[in-house]
Number of protein chains: 2
Amino acid sequence: MATLGDIGLAAAINIITAFIFLIAFAILRLQPFNDRVYFPKWYLKGLRTSPATSGAFAGKFVNLDYRSYLRFLNWMPDALKMPELELIDHAGLDSAVYLRIYLLGLKIFIPILFLTWAILVPVNWTNNWLELSKATYSDIDKLSISNIPQGSHRFYAHVVMAYAVTFWTCFALKREYETVAKMRLHFLQSEKRRPDQFTVLVKNVPPDADESVSEAVEHFFLVNHPDHYLTHQVVLNANKLAKLVEEKKSKQNWLVYYQNKYERNQSKRPMMKTGFLGLWGEKVDAIEHNIAEIEKLSNEIAEEKDNVRNNPKSIMPAAFVSFKTRWGAAVCAQTQQARNPTLWLTEWAPEPRDVYWPNLAIPYVSLTVRRLLMSVAFFFLTFFFVIPVAFVQSLANIEGLEKTASFLKPIIEIKPIKAFIQGFLPGIALKIFLILLPTILMIMSKFEGFLSISRLERRSASRYYLFNFFNVFLASVVTGTVLEQLQTFLKKSVNDLPATIGVAIPMKATFFITYIMVDGWSGTAGEILRLKPLIIYHLKNFFLVKTEKDREEAMDPGSIGFNTGEPQIQLYFLIGLIYAVVTPLLTPFILVFFALAYVVYRHQIINVYNQEYESSAAFWPDVHGRIIGALVISQLLLMGLLGTKEAASSTPFLLALPVMTIGFHKYCKGRFEPAFIRNPLQEAMMKDTLERAREPNLNLKGYLDKAYLPPIFKEAESDSEDDDDDDDGDKKWAKDNVLVPTKRQSRRNTPVPSKMSNGSSPNLLEIQEKDRP
Amino acid sequence: MATLGDIGLAAAINIITAFIFLIAFAILRLQPFNDRVYFPKWYLKGLRTSPATSGAFAGKFVNLDYRSYLRFLNWMPDALKMPELELIDHAGLDSAVYLRIYLLGLKIFIPILFLTWAILVPVNWTNNWLELSKATYSDIDKLSISNIPQGSHRFYAHVVMAYAVTFWTCFALKREYETVAKMRLHFLQSEKRRPDQFTVLVKNVPPDADESVSEAVEHFFLVNHPDHYLTHQVVLNANKLAKLVEEKKSKQNWLVYYQNKYERNQSKRPMMKTGFLGLWGEKVDAIEHNIAEIEKLSNEIAEEKDNVRNNPKSIMPAAFVSFKTRWGAAVCAQTQQARNPTLWLTEWAPEPRDVYWPNLAIPYVSLTVRRLLMSVAFFFLTFFFVIPVAFVQSLANIEGLEKTASFLKPIIEIKPIKAFIQGFLPGIALKIFLILLPTILMIMSKFEGFLSISRLERRSASRYYLFNFFNVFLASVVTGTVLEQLQTFLKKSVNDLPATIGVAIPMKATFFITYIMVDGWSGTAGEILRLKPLIIYHLKNFFLVKTEKDREEAMDPGSIGFNTGEPQIQLYFLIGLIYAVVTPLLTPFILVFFALAYVVYRHQIINVYNQEYESSAAFWPDVHGRIIGALVISQLLLMGLLGTKEAASSTPFLLALPVMTIGFHKYCKGRFEPAFIRNPLQEAMMKDTLERAREPNLNLKGYLDKAYLPPIFKEAESDSEDDDDDDDGDKKWAKDNVLVPTKRQSRRNTPVPSKMSNGSSPNLLEIQEKDRP
């Protein structure tokens with residue numbers, strides 16, 4: 001059992017680790033040659049084109065200005081300075097709302113901290129149950145519920161606290177849901193014209209012997225939405241084209257690599273082998289070979305492009321249908337079109353950037369089967385993942401290694417190395433699996449056939465959370481593999497489950513405190529260092545970069561990563577809520593995590609991440625639901641725990657809590673969730689009317705014409721026409737989409753305080769003014 | 001243990017009981033004075049005005065034509081003769097589809113009967129496990145799964161049969177869902193113009209300081225549906241008015257009663273007391289008193305009518321909004337209107353007859369709370385209903401009775417009477433509770449705030465089914481009160497539950513066979529006698545009837561009673577599916593029930609029941625879902641049973657069954673359920689276009705103007721204006737709604753075979769021709 005001193009030591013170590021990360025970051029980010037690693041967002045927004053240098057040649061790579069080092073923690077207040085409204089402009093609503101999850105953590109746990117410390121700590125401390133019981137115990141346990149004697153009336157304090165925690169959490173959740181819903185509606189309304197406001201995605205267009213898909217779509221909507229239908233864009237199967245373009249890009253990279261090599265050492269023309277991975281085959285001149293290959297691919301791309309455009313087989317039975325008004329699109333997206341409810345399925349078109357193109361042609365029956373299959377697969381993945389991992393572990397033992405790679409034998413036989421490998425190998429299969437898990441979950445979601453990247457990420461997130469809940473949380477509380485637990489639980493009564501887990505909860509407090517410090521504190525501090533992108537950028541920079549454009553492509557800003565980040569935060573909500581009443585000592589550690597993570601991610605969102613799509617905070621219902629789930633779990637576990645404490649008089653009072661919490665959840669679902677799923681007609685009509693008054697002669701058809709062409713198609717198009725001016729369509733789209741470039745200058749650090757004052761209410765007119773073309 | 005002989009005896013008794021009922025019915029229905037009890041439907045449709053008499057005076061009351069008695073079972077083929085399409089015309093789609101539930105039972109269980117008897121009966125019979133085990137057993141058990149030795153490989157036959165049963169049931173369910181969905185769409189399409197096609201119910205109109213509800217509604221829809229909005233009707237709170245009208249009706253009944261009394265005995269004017277229940281108070285002339293009272297009430301009604309119309313407080317924040325086109329209504333019903341998703345809630349307006357008026361003004365927050373409360377209440381009702389019943393039982397014992405009613409003492413003390421009461425009293429509280437249960441469940445549904453009678457009935461049905469499942473099915477299988485079971489189950493492991501119940505299943509086969517015969521066979525045969533309505537009609541006829549109109553009101557045709565009837569059928573599905581593989585001997589009993597009930601209810605629907613509303617088979621998804629539930633339960637119980645039979649090699653093959661069944665359910669839900677919830681725009685547009693072509697000058701506004709006035713309001717209106725011509729509005733509505741009176745003559749028995757041939761496809765044009773005004 002860890003004492004308070006042990007915890008203090010662990011905390012000190014982790015604080016020092018975190019500080020080392022932060023200082024390393026502070027130094028690295030000031031170096032001009034790292035500028036594109038730590039401030040890619042500004043480059044992408046076109047607000048910064050090169051690191052401001054201090055003049056001398058060396059200054060181009062190393063920052064020699066000693067003063068900037070003195071202010072090495074300056075980025076923290078800078079990150080906090082940007083007001084939320086400007087943050088939404090800068091990084092999108094998704095990112096701004098994502099940060100609010102951390103804030104919500106602070107909002108929930110700060111009052112809980114004060115309340116539980118003021119009431120529960122004295123109640124727990126002034127007992128001597130642990131002394132009397134003569135069990136081994138630590139100071140931490142003296143502060144926890146374990147110190148209360150069996151059947152004591154003091155448990156009423158915990159019951160009352162459980163109510164207080166529930167009410168406060170629900171109150172905070174409701175206020176937050178309200179705010180986010182308002183932000184979303186406001187964002188959607190104050191936004192400029194966007195193609196997806198007018199567009200509906202139609203799936204499962206029935207095949208027709210006499211008409212092409214395009215004709216069928218046109219006729220159907222001309223008949224059923226005669227006053228509103230404007231135009232449509234059929235979905236093309238450009239998967240092969242995408243592959244060719246990808247290949248060409250890779251060849252171009254190699255060409256640049258060899259050209260660079262040749263430039264550095266002009267004495268010898270670089271050679272390469274044509275066979276597999278360049279390991280064997282005929283030796284040829286690398287530069288010439290690559291140029292020829294690129295030529296060949298360009299021709300193939302042009303051919304395939306024609307093919308996709310003209311071959312009816314490459315047209316999928318789906319289309320993006322655009323309407324004359326937002327009202328028309330809102331109506332079409334929310335209603336059932338055809339008699340057969342599996343045909344002519346309509347839904348809001350995702351943002352063009354958000355569409356996941358390969359899934360657009362999956363037929364209806366297949367979807368049901370796919371979802372069912374993936375549910376079963378996920379069940380087995382969660383509860384039986386240990387089996388294949390153990391199998392790989394049994395293969396990868398010392399003896400096996402010696403047999404397959406006998407040349408390593410002399411090295412392996414050295415004692416310390418052998419010990420190290422033996423200790424290391426069994427774990428590596430598990431580690432690799434855990435690293436691959438988010439990717440596996442993402443592939444599963446893709447297989448299920450969701451149509452937008454945001455939906456894919458949300459699905460993966462909820463599965464990742466479930467996996468974490470069973471394999472991280474439960475497996476830590478009830479030791480033993482999950483498989484063993486499953487067997488135990490199946491044999492136990494339904495009634496005993498909360499008790500079995502509940503009893504183990506107080507004993508695991510020190511473990512979770514350590515977990516929070518290692519994973520939460522040091523991990524978050526490590527995130528800001530961006531070690532992996534840093535290394536990759538410099539490698540690419542050295543081998544591949546020739547032009548500024550190449551350098552731009554070498555940047556990897558990354559994104560929030562909702563599918564991995566959010567489940568992690570949720571684990572902290574879960575631990576925090578469970579221990580809030582049981583071991584109040586844990587709450588401050590959670591709070592430090594939320595505070596640190598908030599600052600770090602705010603900095604990253606402002607300076608680094610480049611969100612690939614904008615779902616307008618569509619993920620909030622998931623976040624809300626999972627916190628409610630954590631709350632209910634914490635209540636059940638507390639009931640189980642008190643049940644074993646012979647607190648028969650106080651436990652029944654807890655019964656109402658989960659019922660009330662679920663009722664609250666249902667209320668919130670009905671009250672707020674529609675704002676995240678459906679588009680109110682009132683809103684649409686308002687914007688339509690405004691627009692008609694402002695721009696009576698708008699050419700909407702021209703505006704929507706190419707909005708939903710697959711990106712790869714646009715790329716290939718511009719590629720074959722004009723090799724240097726890549727992403728013509730994308731740029732046009734970006735021009736339409738992002739805010740007009742501000743007059744702000746490129747800056748070394750985070751932006752100066754915005755001209756909007758921090759506290760003032762959103763200055764809508766100003767934004768709309770800017771938006772007007 | 002019952003032997004085959006015992007079962008045969010029980011069957012004989014029940015068959016004789018059923019035959020007595022049927023013969024009694026055959027005699028009673030031929031008597032002219034019972035004509036309105038057994039053929040009310042034809043009177044209500046206006047196709048029959050008086051029983052055809054055989055001339056003589058006595059013939060008016062007693063049927064003297066001996067020939068008609070010879071054909072006493074003739075009604076059965078008659079009931080089957082009417083083709084389904086005519087049945088839909090005659091009694092509505094709800095009734096026709098309700099009959100298909102019985103048909104579905106036949107379709108599912110006939111092939112299962114052949115299959116299981118051909119394969120499982122020999123497999124079970126040719127064993128000697130029961131002989132060897134020397135346990136007491138009967139012939140029935142020799143035919144059941146109990147006769148297979150532990151761990152035998154013969155269990156594979158049962159596993160294969162379980163698959164066959166599942167596949168066949170799913171196949172039949174899918175085909176049926178498809179048919180019903182098609183019938184529904186076809187019915188909705190081939191129907192005449194109905195007010196609810198154009199109308200949307202808008203709830204939660206936000207209060208506005210400057211505008212009345214009516215103005216607010218008009219403005220909102222003029223702005224947000226400018227091309228489609230036509231008119232609206234605010235919802236008036238007419239509950240007080242309804243009470244007054246009710247009171248007036250009762251006084252009128254008394255007036256008629258006293259007038260009849262006076263006519264029969266003119267020597268003495270009837271007197272009455274004015275106090276409570278006529279037990280005390282001043283003695284007055286009954287006829288004069290009632291006339292004065294009616295006068296007073298008429299004035300009050302007129303006053304209240306004015307009040308409701310003009311007092312803004314009696315206007316509820318809800319309205320029926322009508323649109324110019326079906327398309328406009330379909331759009332409005334399926335979309336979200338306002339930014340705040342709890343305001344301006346829209347849904348399809350139920351048929352005017354189907355609206356449950358008192359619930360129209362319940363605010364949103366209250367709804368969540370009400371549903372939550374009712375869920376908790378239902379949980380306690382299901383699992384703890386034994387407690388109050390036992391309490392009442394403990395009060396109602398002999399001693400208590402003697403104390404409170406001491407004058408009964410001498411009678412009670414007689415030995416046989418005392419024994420009878422002692423045996424009878426404890427049961428009576430339970431019986432009364434069970435009789436009241438559907439009413440209690442209906443009140444609970446009303447409290448939850450559903451807006452249409454059909455929704456109320458569906459909700460009650462699903463709760464009644466759950467109650468039956470726990471308190472009839474489970475309580476019969478695992479003996480002991482449900483409360484005791486609940487305790488046992490909570491203490492058992494999740495894994496053991498199916499095994500515990502599964503093991504008890506084969507032993508209870510004889511019990512369920514008896515249950516089916518008593519409740520299913522005799523009960524169904526008793527239904528056709530209509531004993532209660534028969535008695536009430538003759539009482540009313542004797543005391544209250546003066547005019548033909550009174551006689552019409554004395555008829556009580558009743559309706560299907562979906563909320564009590566459907567759960568009962570579902571119990572037979574459940575028993576049938578569970579025993580299909582375990583005890584194949586039970587299946588024929590189930591089949592007899594389905595066949596008998598089909599004929600009986602078809603007869604009742606044709607001749608008796610008068611469905612009060614038409615929901616266009618909206619209940620089918622519930623029916624489908626519950627059968628799927630029964631299928632899954634049967635699979636789990638079989639798994640539990642085989643698990644205890646040490647059939648470790650065959651049991652795992654069953655695991656896939658529930659997963660596949662649930663997958664099938666999800667598929668059906670996505671594929672067919674939307675047809676029962678939403679209205680496809682294609683359909684609406686088609687009807688709109690047709691109508692516009694046919695009747696370009698239709699005055700839709702006039703048509704819709706008073707469609708959604710509360711019925712009580714219309715009644716009161718016509719009442720005060722013209723006392724004899726009651727239900728003016730209703731009649732107008734009925735005229736619009738029901739089919740034009742056919743040229744068919746009133747007949748003594750069920751109708752002659754229709755002019756449409758039985759097998760021919762629906763002759764739509766003919767119907768449309770008739771529908772055209």
# chains A, B, ... in the order shown; residues from 1 in each chain; ligands from 1
call {"tool": "closest_atom_pairs", "arguments": {"of": "chain B", "to": "chain A", "cutoff": "9 Å", "atoms": "only C-alpha atoms", "output": "CSV"}}
result
residue,atom,partner,partner_atom,distance
B:Leu185,CA,A:Arg339,CA,7.7
B:Phe220,CA,A:Gln682,CA,8.7
B:Val223,CA,A:Met685,CA,8.0
B:Asn224,CA,A:Gln682,CA,5.9
B:His225,CA,A:Leu681,CA,8.8
B:Trp327,CA,A:Asn224,CA,8.8
B:Ala330,CA,A:Thr335,CA,7.9
B:Val331,CA,A:Val331,CA,6.3
B:Cys332,CA,A:Val331,CA,8.3
B:Ala333,CA,A:Thr335,CA,8.9
B:Gln334,CA,A:Thr335,CA,5.7
B:Thr335,CA,A:Gln334,CA,5.7
B:Gln336,CA,A:Pro680,CA,4.8
B:Gln337,CA,A:Pro680,CA,4.9
B:Ala338,CA,A:Pro680,CA,5.3
B:Arg339,CA,A:Pro680,CA,5.6
B:Asn340,CA,A:Ala675,CA,7.6
B:Pro341,CA,A:Arg671,CA,6.1
B:Thr342,CA,A:Arg671,CA,5.9
B:Tyr364,CA,A:Arg671,CA,8.6
B:Val365,CA,A:Tyr667,CA,7.3
B:Thr368,CA,A:Tyr667,CA,5.9
B:Val369,CA,A:Gly663,CA,7.3
B:Arg371,CA,A:Gly663,CA,8.8
B:Leu372,CA,A:Gly663,CA,6.1
B:Val376,CA,A:Val659,CA,8.5
B:Phe489,CA,A:Ser493,CA,7.8
B:Leu490,CA,A:Asn495,CA,5.4
B:Lys491,CA,A:Ser493,CA,4.8
B:Lys492,CA,A:Ser493,CA,4.6
B:Ser493,CA,A:Ser493,CA,3.9
B:Val494,CA,A:Leu490,CA,5.5
B:Asn495,CA,A:Leu490,CA,5.4
B:Asp496,CA,A:Lys491,CA,7.5
B:Val659,CA,A:Leu372,CA,8.3
B:Met660,CA,A:Leu372,CA,8.6
B:Ile662,CA,A:Leu372,CA,8.9
B:Gly663,CA,A:Leu372,CA,6.2
B:Phe664,CA,A:Thr368,CA,8.6
B:Lys666,CA,A:Thr368,CA,7.3
B:Tyr667,CA,A:Thr368,CA,5.9
B:Gly670,CA,A:Thr342,CA,7.6
B:Arg671,CA,A:Thr342,CA,5.9
B:Phe672,CA,A:Pro341,CA,6.9
B:Glu673,CA,A:Pro341,CA,8.3
B:Pro674,CA,A:Pro341,CA,6.1
B:Ala675,CA,A:Pro341,CA,6.7
B:Arg678,CA,A:Gln336,CA,6.7
B:Asn679,CA,A:Gln336,CA,6.7
B:Pro680,CA,A:Gln336,CA,4.8
B:Leu681,CA,A:Gln337,CA,4.9
B:Gln682,CA,A:Ala338,CA,5.4
B:Glu683,CA,A:Arg339,CA,6.6
B:Ala684,CA,A:Asn224,CA,8.9
B:Met685,CA,A:Asn224,CA,6.2
B:Met686,CA,A:Asn224,CA,8.5
call {"tool": "residues_around", "arguments": {"residues": "Ile101 of chain B", "least_positions_apart": "3", "cutoff": "12 Å", "atoms": "only C-alpha atoms", "output": "ChimeraX atom specification"}}
result
/B:94-98,104-108,172-173,176-177,180,562,565-570,572-573,594-595,597-598,601-602,617,619-624,626-627
call {"tool": "atom_distance", "arguments": {"atom1": "atom CA of Met555 of chain A", "atom2": "atom CA of Asp35 of chain A"}}
result
10.0 Å
call {"tool": "residues_around", "arguments": {"residues": "Leu236 of chain B", "least_positions_apart": "3", "cutoff": "9 Å", "atoms": "only C-alpha atoms", "output": "PyMOL selection string"}}
result
chain B and resi 233+239+308-309+314-316+318-319+357+709-710
call {"tool": "residues_around", "arguments": {"residues": "Thr126 of chain A", "least_positions_apart": "2", "cutoff": "9 Å", "atoms": "only C-alpha atoms", "output": "list in words"}}
result
Val121, Pro122, Val123, Asn124, Asn128, Lys142, Leu143, Asn147 and Ile148 of chain A
